[in-house]
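Just work-v2.cif here, mmCIF, C-alpha atoms; chains and numbers go by the auth columns:
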data_model
loop_
_atom_site.group_PDB
_atom_site.id
_atom_site.type_symbol
_atom_site.label_atom_id
_atom_site.label_comp_id
_atom_site.label_asym_id
_atom_site.label_seq_id
_atom_site.Cartn_x
_atom_site.Cartn_y
_atom_site.Cartn_z
_atom_site.B_iso_or_equiv
_atom_site.auth_seq_id
_atom_site.auth_asym_id
ATOM 1 C CA MET A 1 111.866 112.967 123.850 0.00 1 L
ATOM 2 C CA LYS A 2 113.800 110.195 122.139 0.00 2 L
ATOM 3 C CA VAL A 3 117.552 109.659 122.138 0.00 3 L
ATOM 4 C CA TYR A 4 118.748 108.249 118.815 0.00 4 L
ATOM 5 C CA GLU A 5 122.070 106.465 118.462 0.00 5 L
ATOM 6 C CA LEU A 6 123.777 106.216 115.090 0.00 6 L
ATOM 7 C CA ARG A 7 126.464 103.584 114.665 0.00 7 L
ATOM 8 C CA VAL A 8 128.921 104.566 111.952 0.00 8 L
ATOM 9 C CA ARG A 9 131.275 102.006 110.422 0.00 9 L
ATOM 10 C CA THR A 10 134.228 103.675 108.761 0.00 10 L
ATOM 11 C CA PHE A 11 137.328 102.623 106.815 0.00 11 L
ATOM 12 C CA LEU A 12 140.602 104.408 107.578 0.00 12 L
ATOM 13 C CA LEU A 13 142.498 105.771 104.593 0.00 13 L
ATOM 14 C CA LYS A 14 145.474 106.843 106.747 0.00 14 L
ATOM 15 C CA ASP A 15 147.069 105.853 110.035 0.00 15 L
ATOM 16 C CA LEU A 16 145.694 107.948 112.866 0.00 16 L
ATOM 17 C CA LYS A 17 147.200 108.664 116.285 0.00 17 L
ATOM 18 C CA GLY A 18 144.970 107.768 119.200 0.00 18 L
ATOM 19 C CA ASP A 19 145.047 111.269 120.669 0.00 19 L
ATOM 20 C CA GLN A 20 143.912 112.752 117.343 0.00 20 L
ATOM 21 C CA SER A 21 141.020 110.453 116.493 0.00 21 L
ATOM 22 C CA ILE A 22 138.167 112.119 118.375 0.00 22 L
ATOM 23 C CA LYS A 23 139.185 115.502 116.974 0.00 23 L
ATOM 24 C CA LYS A 24 139.136 114.119 113.420 0.00 24 L
ATOM 25 C CA ILE A 25 135.690 112.577 113.952 0.00 25 L
ATOM 26 C CA SER A 26 134.400 115.993 115.057 0.00 26 L
ATOM 27 C CA GLN A 27 135.850 117.581 111.945 0.00 27 L
ATOM 28 C CA SER A 28 134.214 114.997 109.699 0.00 28 L
ATOM 29 C CA ILE A 29 130.812 115.560 111.317 0.00 29 L
ATOM 30 C CA ILE A 30 131.125 119.343 111.028 0.00 30 L
ATOM 31 C CA THR A 31 132.217 119.061 107.388 0.00 31 L
ATOM 32 C CA TYR A 32 129.187 116.901 106.604 0.00 32 L
ATOM 33 C CA LEU A 33 126.812 119.280 108.393 0.00 33 L
ATOM 34 C CA SER A 34 128.315 122.216 106.504 0.00 34 L
ATOM 35 C CA LYS A 35 127.260 120.727 103.147 0.00 35 L
ATOM 36 C CA ASP A 36 123.688 121.779 103.916 0.00 36 L
ATOM 37 C CA ARG A 37 122.856 125.466 104.445 0.00 37 L
ATOM 38 C CA TYR A 38 120.399 124.793 107.265 0.00 38 L
ATOM 39 C CA PHE A 39 122.796 122.573 109.190 0.00 39 L
ATOM 40 C CA LEU A 40 125.713 124.912 108.452 0.00 40 L
ATOM 41 C CA ASN A 41 123.773 127.707 110.170 0.00 41 L
ATOM 42 C CA TYR A 42 122.910 125.262 112.929 0.00 42 L
ATOM 43 C CA HIS A 43 126.599 124.475 113.446 0.00 43 L
ATOM 44 C CA ILE A 44 127.778 128.090 113.584 0.00 44 L
ATOM 45 C CA SER A 45 124.955 129.228 115.880 0.00 45 L
ATOM 46 C CA LYS A 46 125.764 129.878 119.546 0.00 46 L
ATOM 47 C CA SER A 47 122.859 127.767 120.810 0.00 47 L
ATOM 48 C CA TYR A 48 123.137 124.368 122.484 0.00 48 L
ATOM 49 C CA LYS A 49 123.704 121.522 120.039 0.00 49 L
ATOM 50 C CA SER A 50 121.448 118.473 120.020 0.00 50 L
ATOM 51 C CA TYR A 51 124.099 115.820 119.416 0.00 51 L
ATOM 52 C CA CYS A 52 127.297 114.319 120.766 0.00 52 L
ATOM 53 C CA HIS A 53 129.711 111.612 119.625 0.00 53 L
ATOM 54 C CA ASP A 54 132.307 109.195 120.938 0.00 54 L
ATOM 55 C CA ASN A 55 135.672 107.909 119.720 0.00 55 L
ATOM 56 C CA LEU A 56 136.725 105.127 117.373 0.00 56 L
ATOM 57 C CA TYR A 57 136.185 101.579 118.551 0.00 57 L
ATOM 58 C CA PRO A 58 138.001 99.301 119.243 0.00 58 L
ATOM 59 C CA ILE A 59 139.946 101.843 121.298 0.00 59 L
ATOM 60 C CA SER A 60 143.635 101.964 120.467 0.00 60 L
ATOM 61 C CA LYS A 61 146.735 104.100 120.982 0.00 61 L
ATOM 62 C CA SER A 62 147.014 104.173 117.194 0.00 62 L
ATOM 63 C CA TYR A 63 144.466 103.425 114.480 0.00 63 L
ATOM 64 C CA LYS A 64 145.656 101.670 111.355 0.00 64 L
ATOM 65 C CA LYS A 65 145.172 102.440 107.693 0.00 65 L
ATOM 66 C CA ASN A 66 142.939 99.942 105.810 0.00 66 L
ATOM 67 C CA GLU A 67 141.169 98.838 109.000 0.00 67 L
ATOM 68 C CA VAL A 68 137.457 99.194 109.819 0.00 68 L
ATOM 69 C CA TYR A 69 136.341 100.936 113.023 0.00 69 L
ATOM 70 C CA GLN A 70 133.112 102.338 114.333 0.00 70 L
ATOM 71 C CA PHE A 71 131.942 105.351 116.305 0.00 71 L
ATOM 72 C CA ARG A 72 128.607 106.574 117.622 0.00 72 L
ATOM 73 C CA ILE A 73 126.658 109.787 117.207 0.00 73 L
ATOM 74 C CA ARG A 74 123.729 110.434 119.527 0.00 74 L
ATOM 75 C CA SER A 75 121.036 113.050 119.060 0.00 75 L
ATOM 76 C CA ILE A 76 117.576 114.053 120.266 0.00 76 L
ATOM 77 C CA ASP A 77 116.833 115.807 116.951 0.00 77 L
ATOM 78 C CA LYS A 78 115.002 113.568 114.462 0.00 78 L
ATOM 79 C CA ASP A 79 115.692 115.953 111.555 0.00 79 L
ATOM 80 C CA LEU A 80 119.406 115.872 112.288 0.00 80 L
ATOM 81 C CA VAL A 81 119.337 112.083 112.538 0.00 81 L
ATOM 82 C CA ASN A 82 117.561 111.851 109.175 0.00 82 L
ATOM 83 C CA TYR A 83 120.178 114.112 107.624 0.00 83 L
ATOM 84 C CA PHE A 84 122.928 111.773 108.810 0.00 84 L
ATOM 85 C CA LEU A 85 120.971 108.783 107.501 0.00 85 L
ATOM 86 C CA LYS A 86 120.524 110.524 104.155 0.00 86 L
ATOM 87 C CA GLY A 87 124.182 110.555 103.196 0.00 87 L
ATOM 88 C CA PHE A 88 126.750 110.185 105.973 0.00 88 L
ATOM 89 C CA SER A 89 127.347 106.570 104.925 0.00 89 L
ATOM 90 C CA ASP A 90 128.835 107.994 101.697 0.00 90 L
ATOM 91 C CA TYR A 91 131.020 110.556 103.455 0.00 91 L
ATOM 92 C CA LYS A 92 134.723 110.512 102.578 0.00 92 L
ATOM 93 C CA ASP A 93 137.677 112.742 103.426 0.00 93 L
ATOM 94 C CA GLU A 94 141.439 112.292 103.677 0.00 94 L
ATOM 95 C CA ILE A 95 141.103 109.968 106.686 0.00 95 L
ATOM 96 C CA PHE A 96 137.623 108.409 106.742 0.00 96 L
ATOM 97 C CA LYS A 97 135.623 106.516 104.164 0.00 97 L
ATOM 98 C CA ASN A 98 132.323 105.732 105.835 0.00 98 L
ATOM 99 C CA LEU A 99 130.692 102.417 105.021 0.00 99 L
ATOM 100 C CA THR A 100 127.369 102.184 106.856 0.00 100 L
ATOM 101 C CA VAL A 101 125.196 104.149 109.280 0.00 101 L
ATOM 102 C CA GLU A 102 122.622 102.345 111.415 0.00 102 L
ATOM 103 C CA VAL A 103 120.212 103.893 113.895 0.00 103 L
ATOM 104 C CA ARG A 104 118.438 102.745 117.039 0.00 104 L
ATOM 105 C CA ILE A 105 116.469 104.446 119.801 0.00 105 L
ATOM 106 C CA ILE A 106 117.918 104.155 123.300 0.00 106 L
ATOM 107 C CA SER A 107 115.246 102.685 125.557 0.00 107 L
ATOM 108 C CA LYS A 108 113.850 105.003 128.213 0.00 108 L
ATOM 109 C CA SER A 109 114.181 102.481 131.025 0.00 109 L
ATOM 110 C CA ILE A 110 115.154 103.358 134.594 0.00 110 L
ATOM 111 C CA ILE A 111 118.794 104.474 134.614 0.00 111 L
ATOM 112 C CA SER A 112 120.784 103.584 137.726 0.00 112 L
ATOM 113 C CA LYS A 113 124.084 105.185 136.725 0.00 113 L
ATOM 114 C CA ILE A 114 125.815 107.052 133.945 0.00 114 L
ATOM 115 C CA PHE A 115 129.559 107.327 133.405 0.00 115 L
ATOM 116 C CA THR A 116 131.723 109.308 131.026 0.00 116 L
ATOM 117 C CA LEU A 117 133.639 107.463 128.319 0.00 117 L
ATOM 118 C CA SER A 118 135.440 110.657 127.321 0.00 118 L
ATOM 119 C CA PRO A 119 136.405 113.376 129.800 0.00 119 L
ATOM 120 C CA VAL A 120 134.079 116.093 131.054 0.00 120 L
ATOM 121 C CA ILE A 121 135.423 119.497 130.050 0.00 121 L
ATOM 122 C CA LEU A 122 134.684 122.736 131.926 0.00 122 L
ATOM 123 C CA LYS A 123 135.778 125.900 130.161 0.00 123 L
ATOM 124 C CA ASN A 124 137.713 128.069 132.550 0.00 124 L
ATOM 125 C CA ASP A 125 139.870 131.159 131.969 0.00 125 L
ATOM 126 C CA SER A 126 142.281 129.893 134.620 0.00 126 L
ATOM 127 C CA GLY A 127 142.798 126.462 133.075 0.00 127 L
ATOM 128 C CA TYR A 128 142.009 123.138 134.712 0.00 128 L
ATOM 129 C CA TRP A 129 139.085 123.526 137.119 0.00 129 L
ATOM 130 C CA ARG A 130 140.805 121.960 140.164 0.00 130 L
ATOM 131 C CA ASN A 131 143.218 124.906 140.254 0.00 131 L
ATOM 132 C CA ASN A 132 140.466 127.332 141.283 0.00 132 L
ATOM 133 C CA MET A 133 137.181 125.470 141.863 0.00 133 L
ATOM 134 C CA SER A 134 135.873 123.120 144.515 0.00 134 L
ATOM 135 C CA VAL A 135 134.249 119.763 143.815 0.00 135 L
ATOM 136 C CA GLU A 136 130.943 121.397 144.795 0.00 136 L
ATOM 137 C CA ASP A 137 131.506 124.044 142.096 0.00 137 L
ATOM 138 C CA PHE A 138 132.286 121.294 139.582 0.00 138 L
ATOM 139 C CA GLU A 139 129.076 119.459 140.455 0.00 139 L
ATOM 140 C CA LYS A 140 127.035 122.645 140.174 0.00 140 L
ATOM 141 C CA ARG A 141 128.435 123.320 136.706 0.00 141 L
ATOM 142 C CA ILE A 142 127.521 119.910 135.310 0.00 142 L
ATOM 143 C CA ASN A 143 124.117 119.893 137.015 0.00 143 L
ATOM 144 C CA ASP A 144 123.308 123.408 135.774 0.00 144 L
ATOM 145 C CA ASN A 145 124.478 122.452 132.284 0.00 145 L
ATOM 146 C CA ILE A 146 121.985 119.617 131.844 0.00 146 L
ATOM 147 C CA ILE A 147 119.126 121.587 133.440 0.00 147 L
ATOM 148 C CA LYS A 148 119.714 124.487 131.023 0.00 148 L
ATOM 149 C CA LYS A 149 119.816 122.059 128.103 0.00 149 L
ATOM 150 C CA TYR A 150 116.564 120.451 129.226 0.00 150 L
ATOM 151 C CA LYS A 151 114.826 123.832 129.356 0.00 151 L
ATOM 152 C CA PHE A 152 116.262 124.761 125.953 0.00 152 L
ATOM 153 C CA PHE A 153 115.430 121.563 124.095 0.00 153 L
ATOM 154 C CA GLU A 154 112.167 120.660 125.803 0.00 154 L
ATOM 155 C CA ASN A 155 110.933 124.249 126.198 0.00 155 L
ATOM 156 C CA ASP A 156 109.704 123.201 129.600 0.00 156 L
ATOM 157 C CA LYS A 157 110.370 123.887 133.257 0.00 157 L
ATOM 158 C CA ILE A 158 112.028 121.283 135.442 0.00 158 L
ATOM 159 C CA LYS A 159 112.899 121.235 139.132 0.00 159 L
ATOM 160 C CA GLU A 160 116.407 122.573 139.587 0.00 160 L
ATOM 161 C CA LEU A 161 117.581 119.806 141.886 0.00 161 L
ATOM 162 C CA LYS A 162 120.649 117.575 141.728 0.00 162 L
ATOM 163 C CA PHE A 163 119.679 114.597 139.536 0.00 163 L
ATOM 164 C CA TYR A 164 122.162 112.187 141.106 0.00 164 L
ATOM 165 C CA ASN A 165 123.024 111.181 144.661 0.00 165 L
ATOM 166 C CA ASN A 166 126.706 110.295 144.348 0.00 166 L
ATOM 167 C CA ILE A 167 129.631 111.260 142.152 0.00 167 L
ATOM 168 C CA LYS A 168 132.791 109.199 141.728 0.00 168 L
ATOM 169 C CA PHE A 169 135.891 110.431 139.915 0.00 169 L
ATOM 170 C CA LEU A 170 137.325 107.641 137.784 0.00 170 L
ATOM 171 C CA ASN A 171 140.736 109.205 137.100 0.00 171 L
ATOM 172 C CA SER A 172 143.584 109.834 139.516 0.00 172 L
ATOM 173 C CA SER A 173 145.083 112.596 137.366 0.00 173 L
ATOM 174 C CA PRO A 174 143.652 114.991 134.741 0.00 174 L
ATOM 175 C CA VAL A 175 142.680 113.395 131.426 0.00 175 L
ATOM 176 C CA PRO A 176 144.052 115.213 128.334 0.00 176 L
ATOM 177 C CA PHE A 177 141.569 116.065 125.599 0.00 177 L
ATOM 178 C CA LYS A 178 142.550 117.401 122.168 0.00 178 L
ATOM 179 C CA PHE A 179 140.440 120.383 121.119 0.00 179 L
ATOM 180 C CA LYS A 180 141.302 122.141 117.861 0.00 180 L
ATOM 181 C CA ASP A 181 144.977 123.081 118.308 0.00 181 L
ATOM 182 C CA ILE A 182 145.183 122.865 122.094 0.00 182 L
ATOM 183 C CA THR A 183 145.004 120.211 124.796 0.00 183 L
ATOM 184 C CA LEU A 184 142.402 120.659 127.523 0.00 184 L
ATOM 185 C CA LEU A 185 142.270 118.758 130.814 0.00 185 L
ATOM 186 C CA GLY A 186 139.147 117.015 132.052 0.00 186 L
ATOM 187 C CA ASP A 187 137.829 114.234 134.253 0.00 187 L
ATOM 188 C CA LYS A 188 135.924 110.991 133.920 0.00 188 L
ATOM 189 C CA VAL A 189 133.096 110.591 136.403 0.00 189 L
ATOM 190 C CA GLU A 190 130.360 108.158 137.387 0.00 190 L
ATOM 191 C CA LEU A 191 126.997 109.365 138.713 0.00 191 L
ATOM 192 C CA ASN A 192 124.386 107.340 140.593 0.00 192 L
ATOM 193 C CA ILE A 193 121.037 108.607 139.330 0.00 193 L
ATOM 194 C CA ASN A 194 118.056 109.383 141.535 0.00 194 L
ATOM 195 C CA MET A 195 114.907 107.384 140.841 0.00 195 L
ATOM 196 C CA ASP A 196 112.423 110.275 140.626 0.00 196 L
ATOM 197 C CA GLU A 197 110.958 111.282 137.249 0.00 197 L
ATOM 198 C CA ASN A 198 112.756 114.634 137.180 0.00 198 L
ATOM 199 C CA SER A 199 116.186 113.019 137.621 0.00 199 L
ATOM 200 C CA GLN A 200 115.461 110.232 135.151 0.00 200 L
ATOM 201 C CA ASN A 201 114.437 112.762 132.475 0.00 201 L
ATOM 202 C CA LEU A 202 117.679 114.672 132.966 0.00 202 L
ATOM 203 C CA ALA A 203 119.791 111.510 132.861 0.00 203 L
ATOM 204 C CA TYR A 204 118.072 110.330 129.674 0.00 204 L
ATOM 205 C CA LEU A 205 118.617 113.711 128.014 0.00 205 L
ATOM 206 C CA ALA A 206 122.278 113.565 129.068 0.00 206 L
ATOM 207 C CA LEU A 207 122.726 110.391 127.018 0.00 207 L
ATOM 208 C CA GLY A 208 121.877 112.433 123.926 0.00 208 L
ATOM 209 C CA VAL A 209 123.597 115.760 124.594 0.00 209 L
ATOM 210 C CA THR A 210 125.824 115.195 127.702 0.00 210 L
ATOM 211 C CA PHE A 211 126.407 117.565 130.623 0.00 211 L
ATOM 212 C CA SER A 212 129.894 118.454 129.406 0.00 212 L
ATOM 213 C CA GLU A 213 130.971 121.546 127.541 0.00 213 L
ATOM 214 C CA ASN A 214 132.580 120.916 124.116 0.00 214 L
ATOM 215 C CA SER A 215 130.176 117.991 123.716 0.00 215 L
ATOM 216 C CA THR A 216 130.030 118.266 119.911 0.00 216 L
ATOM 217 C CA TYR A 217 133.803 117.818 119.905 0.00 217 L
ATOM 218 C CA GLY A 218 133.538 114.484 121.700 0.00 218 L
ATOM 219 C CA ALA A 219 133.741 115.526 125.354 0.00 219 L
ATOM 220 C CA GLY A 220 131.605 113.872 128.016 0.00 220 L
ATOM 221 C CA PHE A 221 130.098 111.046 125.954 0.00 221 L
ATOM 222 C CA LEU A 222 128.216 108.758 128.328 0.00 222 L
ATOM 223 C CA GLY A 223 127.855 105.099 129.056 0.00 223 L
ATOM 224 C CA TYR A 224 124.913 103.992 131.154 0.00 224 L
ATOM 225 C CA LYS A 225 123.482 101.179 133.213 0.00 225 L
ATOM 226 C CA TYR A 226 119.817 100.390 133.748 0.00 226 L
ATOM 227 C CA LEU A 227 118.338 99.401 137.080 0.00 227 L
ATOM 228 C CA ASP A 228 118.559 95.626 137.458 0.00 228 L
#
What would the structure in this file look like if it were written as structure tokens?
Amino acid sequence: MKVYELRVRTFLLKDLKGDQSIKKISQSIITYLSKDRYFLNYHISKSYKSYCHDNLYPISKSYKKNEVYQFRIRSIDKDLVNYFLKGFSDYKDEIFKNLTVEVRIISKSIISKIFTLSPVILKNDSGYWRNNMSVEDFEKRINDNIIKKYKFFENDKIKELKFYNNIKFLNSSPVPFKFKDITLLGDKVELNINMDENSQNLAYLALGVTFSENSTYGAGFLGYKYLD
């Protein structure tokens, strides 16, 4: 398994509110994927998706027309990465005019911690998870999510154990997250990763696909720190 990271430099054709930017990036990615029949079918399928993305950088409460920003797309799918490299640098819509796309492989070194740069979202019929779930339930959901993704993408069994030894919530109140035409509430967390091979494999996969739901819409994108 390899986690690829694409760095996209883009030029803004319109001003963009900070709380709308990640949603617009998702729309641009989906529009680009939909230009190809194979990747259109991939997008509309109900299966797990092999990519995630972050927000515009530098981070701002408002993004300005005629300025250059960047965002990242990560994936474990080489074919998908090659499709982005084939033409996403020429992508243009009413907001974005992409300039360049560069790729690198994230090193599979020992990961000591991972932390969310965008909130983790758990879909729940009753709304925000803290209204009806315990922290233990929350942890089980994110742990189960990455284990299921590992089995799906790697077509391999893995020990169903917790891959981290400590969780820290980084927000004191729910973090709003724009999704389509609604606002969801999520959390930013930091996980200390276990040193065993099983846990390290799960943490590395999480860099490419995250343990959050709504990951292809920008939720749960991860930062990471290697063991010193």
Checklist outcome for this item: For Leu40 in chain L, the closest of L:Ile25, L:Leu191, L:Ile142, L:Leu80 counting all atoms listed in the file is L:Leu80
Next on the checklist: If the PyMOL selection byres ((chain L and resi 218) around 6) were run on this exact file, what residues would it hold? Put them as a list in words.
Outcome noted: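 Taken on the displayed file, the PyMOL selection byres ((chain L and resi 218) around 6) yields the residues His53, Asp54, Ser215, Thr216, Tyr217 and Ala219 of chain L.
With distances restricted to all atoms listed in the file, L:Val8 is the closest residue to Gln70 in chain L from L:Val8, L:Leu85, L:Ile114, L:Leu16.
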Next on the checklist: Using the chain letters and numbers from this file, what does the PyMOL selection byres ((chain L and resi 143) around 10) select? Give the answer as a list of chain:residue names.
Outcome noted: L:Asp137, L:Phe138, L:Glu139, L:Lys140, L:Arg141, L:Ile142, L:Asp144, L:Asn145, L:Ile146, L:Ile147, L:Lys148, L:Glu160, L:Leu161, L:Lys162, L:Phe163, L:Tyr164, L:Leu202, L:Phe211, L:Ser212
Checklist entry - Written as a PyMOL selection string, what is the full residue list that the PyMOL selection byres ((chain L and resi 69) around 9) yields on the file shown? => result chain L and resi 8-12+56-58+63+67-68+70-71
Item to check | Pick from L:Asn55, L:Asn66, L:Asn214, L:Asn41, whichever lies nearest to Ser118 in chain L using all atoms listed in the file | outcome: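 For Ser118 in chain L, the nearest of the candidates is L:Asn55.
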Item to check | Protein and nucleic acid residues near (141.0, 116.2, 130.8) (cut-off 7 Å, all atoms listed in the file) as a list in words | outcome: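 Protein and nucleic acid residues near the point are Pro119, Val120, Ile121, Pro174, Val175, Pro176, Phe177, Leu184, Leu185, Gly186 and Asp187 of chain L.
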Checklist entry - Can you tell me how far CA of Lys64 in chain L sits from CA of Phe84 in chain L, in Å to one decimal? => result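 Between CA of Lys64 in chain L and CA of Phe84 in chain L the gap is 25.0 Å.
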Item to check | Sel. within 12 Å of pt (125.7, 124.9, 118.4), counting all atoms listed in the file, output as a ChimeraX atom specification | outcome: /L:30,33,39-52,149,209,213-217
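CA of Ser89 in chain L to CA of Gln20 in chain L spans 21.6 Å [interatomic distance, one decimal].
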